[in-house]
Amino acid sequence: TMKIKRLEHVAITVKDMDKARDTWVNVLGIGQEYEEQIGETKLAMLPIGQTYIELLEATGPDSPVNEWMDKAGESLWHLCFEVEDIDSAVIELKGKGVKLLNDEPKPGHGGSCIVFLDPASTGNVLIELAEIPEGH
């Protein structure tokens with residue numbers, strides 16, 4: 001049975017990473033652990049206990065952030081749960097009839113392997129599952 005270990009991050013889309021970071025870091029006092037670029041998306045990870053706020057900014061036209069921003073603007077985008085074993089989670093979910101947005105796990109933040117569940121299968125909430133490498 002799939003084991004969800006924790007809510008790993010809450011993802012928020014932003015127009016301007018520096019402006020958003022100013023709010024989270026300087027106003028709310030939440031430190032940034034790291035920033036990285038994946039494809040045409042810049043992300044910043046801000047830890048709060050065992051969970052992160054993930055800020056995402058599109059840096060090119062092919063960023064998936066653009067499609068969300070067109071509909072919802074700067075807002076909550078998805079929830080990410082850490083799982084022990086992404087491959088067995090995918091098999092279990094497919095067996096339960098859950099549709100996935102990517103059929104095979106793909107590289108994600110911080111060296112993780114990720115998969116997104118189709119919101120049509122989850123009450124219109126975009127859920128990401130991530131297997132996080134040891135030490136991250």
# chains A, B, ... in the order shown; residues from 1 in each chain; ligands from 1
>>> select_by_dssp(residues="chain A", states="alpha helix (DSSP H)", output="count of residues only")
24
>>> residues_around(residues="Asn102 (chain A)", least_positions_apart="2", cutoff="7 Å", atoms="only C-alpha atoms", output="list of chain:residue names")
A:Leu100, A:Glu104, A:Pro105, A:Val115, A:Phe116
>>> closest_residue(among="A:Leu126, A:Leu117, A:Ala89, A:Ala58", to="Lys15 (chain A)", atoms="only C-alpha atoms")
A:Ala58
>>> closest_residue(among="A:Gly108, A:Glu57, A:His78, A:Glu84", to="Glu134 (chain A)", atoms="only C-alpha atoms")
A:Glu84
>>> closest_residue(among="A:Gly110, A:Gly95, A:Pro133, A:Pro119", to="Met2 (chain A)", atoms="only C-alpha atoms")
A:Gly95
>>> select_by_dssp(residues="chain A", states="strand (DSSP E or B)", output="ChimeraX atom specification")
/A:4-13,34-38,41-48,51-58,76-83,100,106-107,113-117,127-131
>>> residues_around(residues="Met17 (chain A)", least_positions_apart="3", cutoff="9 Å", atoms="only C-alpha atoms", output="ChimeraX atom specification")
/A:14,20-22,42-44,55-57
>>> closest_residue(among="A:Ser112, A:Thr59, A:Gln32, A:Thr122", to="Pro47 (chain A)", atoms="only C-alpha atoms")
A:Gln32
